[in-house]
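Engineer: Please find my_file.pdb (PDB, C-alpha atoms and all ligand atoms) on the next line:
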ATOM      1  CA  MET Y 504      -4.920   6.478   6.983
ATOM      2  CA  LYS Y 505      -3.771   3.129   8.337
ATOM      3  CA  GLN Y 506      -0.468   1.756   7.070
ATOM      4  CA  ASN Y 507      -0.002  -0.962   9.635
ATOM      5  CA  GLY Y 508      -1.466  -3.768   7.566
ATOM      6  CA  ASP Y 509      -4.822  -3.861   9.381
ATOM      7  CA  ASN Y 510      -6.653  -3.161   6.150
ATOM      8  CA  ILE Y 511      -4.594  -5.342   3.830
ATOM      9  CA  VAL Y 512      -5.608  -8.870   2.830
ATOM     10  CA  THR Y 513      -3.062 -11.033   1.026
ATOM     11  CA  ILE Y 514      -3.894 -14.109  -1.034
ATOM     12  CA  ASP Y 515      -1.007 -16.210  -2.334
ATOM     13  CA  GLY Y 516      -0.831 -19.579  -3.998
ATOM     14  CA  PRO Y 517       0.236 -21.518  -7.092
ATOM     15  CA  SER Y 518      -0.950 -21.059 -10.691
ATOM     16  CA  GLY Y 519      -4.464 -22.107 -11.472
ATOM     17  CA  VAL Y 520      -5.720 -22.249  -7.906
ATOM     18  CA  GLY Y 521      -8.362 -19.559  -8.522
ATOM     19  CA  LYS Y 522      -6.668 -16.703  -6.650
ATOM     20  CA  SER Y 523      -7.744 -13.935  -9.042
ATOM     21  CA  THR Y 524     -11.427 -14.833  -8.967
ATOM     22  CA  VAL Y 525     -11.412 -15.271  -5.209
ATOM     23  CA  ALA Y 526      -9.438 -12.049  -4.643
ATOM     24  CA  ARG Y 527     -11.831 -10.052  -6.831
ATOM     25  CA  ARG Y 528     -14.857 -11.399  -4.985
ATOM     26  CA  VAL Y 529     -13.329 -10.751  -1.556
ATOM     27  CA  ALA Y 530     -12.343  -7.217  -2.595
ATOM     28  CA  GLU Y 531     -15.889  -6.575  -3.832
ATOM     29  CA  GLY Y 532     -17.317  -7.859  -0.558
ATOM     30  CA  LEU Y 533     -15.072  -5.587   1.494
ATOM     31  CA  GLY Y 534     -15.300  -2.559  -0.813
ATOM     32  CA  PHE Y 535     -11.517  -2.761  -1.292
ATOM     33  CA  SER Y 536      -9.527  -2.635  -4.510
ATOM     34  CA  CYS Y 537      -7.892  -5.733  -5.866
ATOM     35  CA  LEU Y 538      -4.184  -5.781  -6.678
ATOM     36  CA  GLU Y 539      -3.581  -8.571  -9.167
ATOM     37  CA  THR Y 540       0.201  -8.768  -9.198
ATOM     38  CA  GLY Y 541       0.492 -11.598 -11.733
ATOM     39  CA  ALA Y 542      -0.879  -9.180 -14.330
ATOM     40  CA  MET Y 543       2.033  -6.855 -13.560
ATOM     41  CA  TYR Y 544       4.636  -9.575 -14.278
ATOM     42  CA  ARG Y 545       2.707 -10.363 -17.433
ATOM     43  CA  ALA Y 546       2.732  -6.695 -18.491
ATOM     44  CA  VAL Y 547       6.526  -6.505 -18.151
ATOM     45  CA  ALA Y 548       6.780  -9.768 -20.105
ATOM     46  CA  LEU Y 549       4.638  -8.310 -22.892
ATOM     47  CA  LYS Y 550       6.854  -5.250 -23.061
ATOM     48  CA  ALA Y 551      10.002  -7.415 -23.292
ATOM     49  CA  ILE Y 552       8.448  -9.623 -25.981
ATOM     50  CA  GLU Y 553       7.403  -6.592 -28.023
ATOM     51  CA  ALA Y 554      10.872  -5.056 -27.662
ATOM     52  CA  GLU Y 555      12.499  -8.444 -28.396
ATOM     53  CA  VAL Y 556      14.493  -8.296 -25.179
ATOM     54  CA  ASP Y 557      15.210 -11.699 -23.593
ATOM     55  CA  CYS Y 558      15.657 -12.547 -19.906
ATOM     56  CA  ASP Y 559      19.448 -12.623 -20.077
ATOM     57  CA  SER Y 560      19.765  -9.411 -22.098
ATOM     58  CA  ALA Y 561      21.706  -6.466 -20.742
ATOM     59  CA  LEU Y 562      18.970  -4.316 -22.263
ATOM     60  CA  LEU Y 563      16.431  -5.492 -19.692
ATOM     61  CA  SER Y 564      17.515  -2.899 -17.099
ATOM     62  CA  GLU Y 565      17.125  -0.116 -19.638
ATOM     63  CA  LEU Y 566      13.736  -1.449 -20.627
ATOM     64  CA  LEU Y 567      12.563  -1.368 -16.996
ATOM     65  CA  LEU Y 568      13.712   2.239 -16.671
ATOM     66  CA  GLU Y 569      11.309   3.144 -19.469
ATOM     67  CA  THR Y 570       8.397   1.089 -18.180
ATOM     68  CA  THR Y 571       5.386   1.981 -16.073
ATOM     69  CA  VAL Y 572       2.898  -0.602 -14.825
ATOM     70  CA  ASP Y 573      -0.300   0.507 -13.139
ATOM     71  CA  PHE Y 574      -4.038  -0.198 -12.915
ATOM     72  CA  SER Y 575      -6.969   1.842 -14.183
ATOM     73  CA  PRO Y 576      -9.771   2.613 -11.714
ATOM     74  CA  GLU Y 577     -11.715  -0.265 -13.349
ATOM     75  CA  GLY Y 578      -8.850  -2.666 -12.582
ATOM     76  CA  LYS Y 579      -7.392  -2.916 -16.099
ATOM     77  CA  VAL Y 580      -3.632  -3.419 -16.158
ATOM     78  CA  LEU Y 581      -1.881  -0.502 -17.838
ATOM     79  CA  LEU Y 582       1.509  -0.859 -19.503
ATOM     80  CA  ASP Y 583       2.923   2.616 -20.163
ATOM     81  CA  GLY Y 584      -0.652   3.868 -19.934
ATOM     82  CA  ARG Y 585      -1.991   1.325 -22.461
ATOM     83  CA  ASP Y 586      -4.691  -1.156 -21.436
ATOM     84  CA  VAL Y 587      -3.072  -4.580 -22.004
ATOM     85  CA  SER Y 588      -5.414  -6.686 -19.863
ATOM     86  CA  VAL Y 589      -6.386  -8.878 -22.808
ATOM     87  CA  LEU Y 590      -2.952  -9.024 -24.463
ATOM     88  CA  VAL Y 591      -1.254 -10.324 -21.305
ATOM     89  CA  ARG Y 592      -3.431 -13.436 -21.212
ATOM     90  CA  THR Y 593      -1.754 -15.320 -24.081
ATOM     91  CA  GLU Y 594       0.210 -18.527 -23.502
ATOM     92  CA  ARG Y 595       3.386 -16.873 -24.782
ATOM     93  CA  VAL Y 596       3.141 -14.060 -22.232
ATOM     94  CA  SER Y 597       2.294 -16.552 -19.436
ATOM     95  CA  SER Y 598       5.326 -18.628 -20.108
ATOM     96  CA  PHE Y 599       7.694 -15.662 -20.529
ATOM     97  CA  SER Y 600       6.387 -13.950 -17.369
ATOM     98  CA  SER Y 601       7.169 -17.088 -15.399
ATOM     99  CA  ARG Y 602      10.837 -16.839 -16.477
ATOM    100  CA  LEU Y 603      11.030 -13.071 -15.937
ATOM    101  CA  ALA Y 604       9.589 -13.467 -12.433
ATOM    102  CA  GLU Y 605      12.790 -15.301 -11.438
ATOM    103  CA  LEU Y 606      14.893 -12.183 -12.000
ATOM    104  CA  ALA Y 607      15.782 -10.047  -8.980
ATOM    105  CA  GLU Y 608      15.707  -6.777 -10.890
ATOM    106  CA  VAL Y 609      12.237  -7.407 -12.295
ATOM    107  CA  ARG Y 610      10.921  -8.351  -8.836
ATOM    108  CA  LYS Y 611      12.546  -5.322  -7.232
ATOM    109  CA  PHE Y 612      11.002  -3.042  -9.826
ATOM    110  CA  LEU Y 613       7.486  -4.475  -9.421
ATOM    111  CA  VAL Y 614       7.561  -4.870  -5.627
ATOM    112  CA  LYS Y 615       8.260  -1.138  -5.348
ATOM    113  CA  VAL Y 616       5.215  -0.342  -7.498
ATOM    114  CA  GLN Y 617       3.068  -2.855  -5.556
ATOM    115  CA  ARG Y 618       3.991  -1.296  -2.199
ATOM    116  CA  ARG Y 619       3.255   2.181  -3.530
ATOM    117  CA  ILE Y 620      -0.187   1.076  -4.766
ATOM    118  CA  GLY Y 621      -0.842  -0.659  -1.424
ATOM    119  CA  GLU Y 622       0.385   2.087   0.870
ATOM    120  CA  GLY Y 623      -3.082   3.504   1.501
ATOM    121  CA  GLY Y 624      -4.395   0.055   2.436
ATOM    122  CA  ASN Y 625      -7.936  -1.119   1.661
ATOM    123  CA  ILE Y 626      -6.620  -3.677  -0.772
ATOM    124  CA  VAL Y 627      -6.742  -7.382  -1.436
ATOM    125  CA  ALA Y 628      -3.317  -8.241  -2.894
ATOM    126  CA  GLU Y 629      -3.035 -11.464  -4.836
ATOM    127  CA  GLY Y 630       0.115 -13.225  -6.071
ATOM    128  CA  ARG Y 631       2.989 -15.425  -4.889
ATOM    129  CA  ASP Y 632       4.873 -13.325  -2.342
ATOM    130  CA  MET Y 633       2.277 -10.911  -1.005
ATOM    131  CA  GLY Y 634       2.203 -12.254   2.547
ATOM    132  CA  THR Y 635       5.889 -13.190   2.766
ATOM    133  CA  ASN Y 636       7.579 -10.247   1.101
ATOM    134  CA  VAL Y 637       5.473  -7.408  -0.277
ATOM    135  CA  PHE Y 638       3.070  -6.862   2.641
ATOM    136  CA  PRO Y 639       4.589  -8.818   5.547
ATOM    137  CA  ARG Y 640       2.572  -6.766   8.047
ATOM    138  CA  ALA Y 641      -0.800  -7.547   6.434
ATOM    139  CA  LYS Y 642      -3.223  -8.623   9.121
ATOM    140  CA  TYR Y 643      -5.101 -11.154   7.005
ATOM    141  CA  LYS Y 644      -3.006 -13.599   5.031
ATOM    142  CA  PHE Y 645      -4.302 -16.536   3.074
ATOM    143  CA  TYR Y 646      -2.559 -19.229   1.091
ATOM    144  CA  LEU Y 647      -4.734 -21.128  -1.367
ATOM    145  CA  ASP Y 648      -3.610 -24.548  -2.454
ATOM    146  CA  ALA Y 649      -5.036 -27.414  -4.524
ATOM    147  CA  ALA Y 650      -3.688 -30.624  -6.006
ATOM    148  CA  VAL Y 651      -2.079 -30.000  -9.397
ATOM    149  CA  THR Y 652      -4.425 -32.545 -11.021
ATOM    150  CA  GLU Y 653      -7.436 -30.546  -9.813
ATOM    151  CA  ARG Y 654      -5.940 -27.208 -10.895
ATOM    152  CA  ALA Y 655      -5.258 -28.693 -14.337
ATOM    153  CA  ARG Y 656      -8.816 -30.006 -14.565
ATOM    154  CA  ARG Y 657     -10.276 -26.578 -13.670
ATOM    155  CA  ARG Y 658      -8.049 -24.749 -16.139
ATOM    156  CA  PHE Y 659      -8.798 -27.244 -18.894
ATOM    157  CA  PHE Y 660     -12.555 -26.714 -18.492
ATOM    158  CA  GLN Y 661     -12.047 -22.948 -18.357
ATOM    159  CA  ASN Y 662      -9.807 -22.717 -21.464
ATOM    160  CA  GLY Y 663     -11.178 -25.505 -23.632
ATOM    161  CA  PRO Y 664      -9.405 -28.326 -25.483
ATOM    162  CA  GLU Y 665      -7.770 -26.038 -28.067
ATOM    163  CA  HIS Y 666      -5.141 -25.219 -25.398
ATOM    164  CA  GLY Y 667      -4.063 -28.858 -25.075
ATOM    165  CA  SER Y 668      -5.119 -31.925 -23.114
ATOM    166  CA  VAL Y 669      -5.594 -32.009 -19.342
ATOM    167  CA  LEU Y 670      -2.202 -33.703 -19.121
ATOM    168  CA  ASP Y 671      -0.555 -30.896 -21.147
ATOM    169  CA  VAL Y 672      -2.081 -28.340 -18.789
ATOM    170  CA  GLU Y 673      -0.938 -30.343 -15.767
ATOM    171  CA  ASN Y 674       2.630 -30.537 -17.085
ATOM    172  CA  GLU Y 675       2.707 -26.793 -17.701
ATOM    173  CA  LEU Y 676       1.350 -26.053 -14.207
ATOM    174  CA  SER Y 677       3.950 -28.373 -12.667
ATOM    175  CA  ARG Y 678       6.684 -26.549 -14.568
ATOM    176  CA  ARG Y 679       5.412 -23.210 -13.209
ATOM    177  CA  ASP Y 680       5.128 -24.617  -9.683
ATOM    178  CA  ARG Y 681       8.784 -25.631  -9.855
ATOM    179  CA  ARG Y 682       9.872 -22.188 -11.073
ATOM    180  CA  ASP Y 683       7.717 -20.420  -8.468
ATOM    181  CA  THR Y 684       8.840 -22.519  -5.504
ATOM    182  CA  LEU Y 685      12.500 -23.070  -6.366
ATOM    183  CA  ARG Y 686      13.551 -19.560  -7.386
ATOM    184  CA  SER Y 687      15.904 -17.823  -4.984
ATOM    185  CA  GLU Y 688      14.071 -14.482  -5.130
ATOM    186  CA  ASN Y 689      10.885 -14.487  -3.030
ATOM    187  CA  PRO Y 690       9.817 -18.040  -3.805
ATOM    188  CA  LEU Y 691       6.224 -19.144  -3.479
ATOM    189  CA  ARG Y 692       5.539 -20.375   0.045
ATOM    190  CA  PRO Y 693       2.961 -19.659   2.726
ATOM    191  CA  ALA Y 694       3.829 -16.903   5.198
ATOM    192  CA  PRO Y 695       4.228 -18.398   8.703
ATOM    193  CA  ASP Y 696       1.102 -16.503   9.808
ATOM    194  CA  ALA Y 697      -1.013 -17.335   6.727
ATOM    195  CA  VAL Y 698      -4.207 -19.351   6.894
ATOM    196  CA  ILE Y 699      -3.750 -22.246   4.447
ATOM    197  CA  ILE Y 700      -6.882 -23.266   2.564
ATOM    198  CA  ASP Y 701      -6.813 -26.479   0.571
ATOM    199  CA  THR Y 702      -9.377 -25.768  -2.141
ATOM    200  CA  THR Y 703      -9.118 -29.158  -3.882
ATOM    201  CA  ARG Y 704     -12.652 -30.093  -2.868
ATOM    202  CA  MET Y 705     -14.106 -26.599  -2.543
ATOM    203  CA  ASN Y 706     -15.911 -24.364  -5.017
ATOM    204  CA  ILE Y 707     -15.265 -20.630  -5.396
ATOM    205  CA  GLU Y 708     -18.193 -19.635  -3.157
ATOM    206  CA  GLU Y 709     -16.903 -21.832  -0.337
ATOM    207  CA  VAL Y 710     -13.411 -20.374  -0.586
ATOM    208  CA  VAL Y 711     -14.730 -16.801  -0.664
ATOM    209  CA  SER Y 712     -16.976 -17.335   2.343
ATOM    210  CA  THR Y 713     -14.167 -19.023   4.323
ATOM    211  CA  ILE Y 714     -12.050 -15.905   3.778
ATOM    212  CA  MET Y 715     -14.911 -13.470   4.414
ATOM    213  CA  LEU Y 716     -15.704 -15.161   7.730
ATOM    214  CA  ARG Y 717     -12.145 -14.568   8.884
ATOM    215  CA  VAL Y 718     -11.966 -10.942   7.771
ATOM    216  CA  LYS Y 719     -15.464  -9.914   8.786
ATOM    217  CA  ASP Y 720     -14.163  -7.725  11.595
ATOM    218  CA  ILE Y 721     -12.157  -5.703   9.066
ATOM    219  CA  SER Y 722     -15.214  -3.631   8.216
ATOM    220  CA  LEU Y 723     -15.410  -2.571  11.865
ATOM    221  CA  LEU Y 724     -11.911  -1.131  11.817
ATOM    222  CA  GLY Y 725     -12.750   2.076  10.003
ATOM    223  CA  ASN Y 726     -10.102   3.738   7.900
TER     224      ASN Y 726
HETATM  225  O1  LIG Y 801      -0.698 -15.318 -11.373
HETATM  226  P1  LIG Y 801      -0.236 -15.250 -12.834
HETATM  227  O2  LIG Y 801      -0.252 -16.569 -13.543
HETATM  228  O3  LIG Y 801      -0.970 -14.184 -13.597
HETATM  229  O4  LIG Y 801       1.287 -14.785 -12.749
HETATM  230  C1  LIG Y 801       2.111 -14.673 -13.869
HETATM  231  C2  LIG Y 801       3.543 -15.022 -13.489
HETATM  232  O5  LIG Y 801       4.077 -14.078 -12.570
HETATM  233  C3  LIG Y 801       3.676 -16.393 -12.822
HETATM  234  O6  LIG Y 801       4.612 -17.163 -13.528
HETATM  235  C4  LIG Y 801       4.211 -16.141 -11.447
HETATM  236  C5  LIG Y 801       4.670 -14.718 -11.454
HETATM  237  N1  LIG Y 801       4.297 -13.985 -10.238
HETATM  238  C6  LIG Y 801       5.243 -13.850  -9.266
HETATM  239  O7  LIG Y 801       6.338 -14.380  -9.397
HETATM  240  N2  LIG Y 801       4.960 -13.100  -8.149
HETATM  241  C7  LIG Y 801       3.754 -12.541  -7.994
HETATM  242  N3  LIG Y 801       3.513 -11.817  -6.897
HETATM  243  C8  LIG Y 801       2.762 -12.706  -8.989
HETATM  244  C9  LIG Y 801       3.066 -13.452 -10.102
END
How does this structure look as structure tokens?
Structural biologist:
Amino acid sequence: MKQNGDNIVTIDGPSGVGKSTVARRVAEGLGFSCLETGAMYRAVALKAIEAEVDCDSALLSELLLETTVDFSPEGKVLLDGRDVSVLVRTERVSSFSSRLAELAEVRKFLVKVQRRIGEGGNIVAEGRDMGTNVFPRAKYKFYLDAAVTERARRRFFQNGPEHGSVLDVENELSRRDRRDTLRSENPLRPAPDAVIIDTTRMNIEEVVSTIMLRVKDISLLGN
């Protein structure tokens, strides 16, 4: 079993850039599993919302002690063994997870789980700090970017007008960008050895094939 990062692909980038879709497709192409770490922050946020524990509460540490976050073999996110993959997609959970992700103790808790899941390799790990912090030795690191106006446009067409205007979506994405890039704990930024892909004028297929071209030798590595 390799643990040197040769068989780990990391994909980082801001909200709404299409990381999850791209990561899933790349993982499928390589026969790897996909580690969607945003879903893990969302799962912890759901737990805190359900328990009515806020970010500044002293009860948060206790809550984390009683929390497990994992994935089913089909890639569903499991909170204490319960499939919450649909429940974590609400706007309320999104916004709360963005605040929780600023907290060192939440990050420490989840990074430990992420490294345990990734220790056997053969994964495509997607998030904000995969290449910089969680898997710094990954051989293939990518950072997807796109203008906030384009990310807002894509999300608006994906979610529909009932979730607000394009401008509302853009404002919300900008707010998340600020939280992600300005936090002191593992802020969003490209790893020095990451390949940066500006996807503003690219479609999903083009992004996936750009990544696949770069990792094509991975299948020759053997495991
Ligand atoms: O990618 P997403 O929107 O599902 O992520 C939800 C929140 O979790 C988002 O506000 C950023 C945060 N996050 C993070 O801080 N670090 C990660 N590795 C993944 C997500």
Engineer: Please compute the atom CA of Ser677 of chain Y-atom CA of Cys537 of chain Y distance, one decimal, in Å.
Structural biologist: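 Distance between the two atoms: 26.4 Å.
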Engineer: Mind telling me what the PyMOL selection byres (((chain Y and resi 613-622) around 8) and not hetatm) catches here, as a PyMOL selection string?
Structural biologist: chain Y and resi 506+511+538+540+543-544+572-573+609-612+623-626+637-638
Engineer: Between atom CA of Val589 of chain Y and atom CA of Glu555 of chain Y, what is the spacing in Å?
Structural biologist: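 Separation of atom CA of Glu555 of chain Y and atom CA of Val589 of chain Y: 19.7 Å.
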Engineer: Can you translate the PyMOL selection byres (((not hetatm)) within 7 of (chain Y and resi 801)) into the concrete residues it hits in this file, as a ChimeraX atom specification?
Structural biologist: /Y:518,540-542,544-545,597-598,600-602,604-605,629-633,679,683
Engineer: Could you jot down the atom CA of Ser536 of chain Y to atom CA of Val627 of chain Y separation for me, Å, one decimal place?
Structural biologist: 6.3 Å
Engineer: Written as a PDB file with C-alpha atoms, in the frame of the given file, what is the full residue list that the PyMOL selection byres (((chain Y and resi 688-698) around 7) and not hetatm) yields on the file shown?
Structural biologist:
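Saved as part_32.pdb:
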ATOM      1  CA  GLU Y 605      12.790 -15.301 -11.438  1.00  0.00           C
ATOM      2  CA  ALA Y 607      15.782 -10.047  -8.980  1.00  0.00           C
ATOM      3  CA  ARG Y 631       2.989 -15.425  -4.889  1.00  0.00           C
ATOM      4  CA  ASP Y 632       4.873 -13.325  -2.342  1.00  0.00           C
ATOM      5  CA  GLY Y 634       2.203 -12.254   2.547  1.00  0.00           C
ATOM      6  CA  THR Y 635       5.889 -13.190   2.766  1.00  0.00           C
ATOM      7  CA  ASN Y 636       7.579 -10.247   1.101  1.00  0.00           C
ATOM      8  CA  LYS Y 644      -3.006 -13.599   5.031  1.00  0.00           C
ATOM      9  CA  PHE Y 645      -4.302 -16.536   3.074  1.00  0.00           C
ATOM     10  CA  TYR Y 646      -2.559 -19.229   1.091  1.00  0.00           C
ATOM     11  CA  ASP Y 683       7.717 -20.420  -8.468  1.00  0.00           C
ATOM     12  CA  THR Y 684       8.840 -22.519  -5.504  1.00  0.00           C
ATOM     13  CA  LEU Y 685      12.500 -23.070  -6.366  1.00  0.00           C
ATOM     14  CA  ARG Y 686      13.551 -19.560  -7.386  1.00  0.00           C
ATOM     15  CA  SER Y 687      15.904 -17.823  -4.984  1.00  0.00           C
ATOM     16  CA  ILE Y 699      -3.750 -22.246   4.447  1.00  0.00           C
ATOM     17  CA  ILE Y 700      -6.882 -23.266   2.564  1.00  0.00           C
TER      18      ILE Y 700
END
Engineer: Could you check the closest approach to Leu606 of chain Y for each of Y:Asp586, Y:Glu708, Y:Glu594, Y:Asp559 and tell me which residue wins, using only C-alpha atoms?
Structural biologist: Y:Asp559
Engineer: Hey, which of Y:Val520, Y:Val651, Y:Leu581, Y:Val529 ends up closest to Lys550 of chain Y? Count only C-alpha atoms.
Structural biologist: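 Of Y:Val520, Y:Val651, Y:Leu581, Y:Val529, the one nearest Lys550 of chain Y, counting only C-alpha atoms, is Y:Leu581.
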Engineer: Excluding Arg528 of chain Y and its own-chain neighbours fewer than 3 positions away, which residues fall within 10 Å of it when counting all atoms listed in the file? Please give them as a ChimeraX atom specification.
Structural biologist: /Y:522-525,531-535,537,627,707-708,711-712,715
Engineer: Name all residues at most 12 Å from segment 653-656 of chain Y (count all atoms listed in the file; drop same-chain ones fewer than 3 positions away) and give them as a CSV table (one decimal) with C-alpha atoms, in the frame of the given file.
Structural biologist:
chain,number,residue,atom,x,y,z
Y,516,GLY,CA,-0.8,-19.6,-4.0
Y,517,PRO,CA,0.2,-21.5,-7.1
Y,518,SER,CA,-1.0,-21.1,-10.7
Y,519,GLY,CA,-4.5,-22.1,-11.5
Y,520,VAL,CA,-5.7,-22.2,-7.9
Y,521,GLY,CA,-8.4,-19.6,-8.5
Y,522,LYS,CA,-6.7,-16.7,-6.6
Y,647,LEU,CA,-4.7,-21.1,-1.4
Y,648,ASP,CA,-3.6,-24.5,-2.5
Y,649,ALA,CA,-5.0,-27.4,-4.5
Y,650,ALA,CA,-3.7,-30.6,-6.0
Y,659,PHE,CA,-8.8,-27.2,-18.9
Y,660,PHE,CA,-12.6,-26.7,-18.5
Y,661,GLN,CA,-12.0,-22.9,-18.4
Y,662,ASN,CA,-9.8,-22.7,-21.5
Y,663,GLY,CA,-11.2,-25.5,-23.6
Y,664,PRO,CA,-9.4,-28.3,-25.5
Y,666,HIS,CA,-5.1,-25.2,-25.4
Y,667,GLY,CA,-4.1,-28.9,-25.1
Y,668,SER,CA,-5.1,-31.9,-23.1
Y,669,VAL,CA,-5.6,-32.0,-19.3
Y,670,LEU,CA,-2.2,-33.7,-19.1
Y,671,ASP,CA,-0.6,-30.9,-21.1
Y,672,VAL,CA,-2.1,-28.3,-18.8
Y,673,GLU,CA,-0.9,-30.3,-15.8
Y,674,ASN,CA,2.6,-30.5,-17.1
Y,675,GLU,CA,2.7,-26.8,-17.7
Y,676,LEU,CA,1.4,-26.1,-14.2
Y,677,SER,CA,4.0,-28.4,-12.7
Y,680,ASP,CA,5.1,-24.6,-9.7
Y,701,ASP,CA,-6.8,-26.5,0.6
Y,702,THR,CA,-9.4,-25.8,-2.1
Y,703,THR,CA,-9.1,-29.2,-3.9
Y,704,ARG,CA,-12.7,-30.1,-2.9
Y,705,MET,CA,-14.1,-26.6,-2.5
Y,706,ASN,CA,-15.9,-24.4,-5.0
Engineer: Name the closest residue to Val718 of chain Y among the candidates Y:Arg585, Y:Lys642, Y:Lys579, Y:Arg595; distances are taken between atoms, counting only C-alpha atoms.
Structural biologist: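 Counting only C-alpha atoms, the residue closest to Val718 of chain Y is Y:Lys642.
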Engineer: Take every atom of segment 600-618 of chain Y listed in the file, fit an axis-aligned box around them, add 4 Å per side, and give the centre and edge lengths in Å to one decimal as lines of an AutoDock Vina configuration file.
Structural biologist:
center_x = 9.4
center_y = -8.7
center_z = -9.8
size_x = 20.7
size_y = 24.7
size_z = 23.2
Engineer: Hey, what's within 8 Å of Ala641 of chain Y if we count only C-alpha atoms and toss same-chain stuff fewer than 4 positions away? As a list of chain:residue names, please?
Structural biologist: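 Using only C-alpha atoms, the neighbours found are Y:Asn507, Y:Gly508, Y:Asp509, Y:Asn510, Y:Ile511, Y:Val512, Y:Thr513, Y:Gly634.
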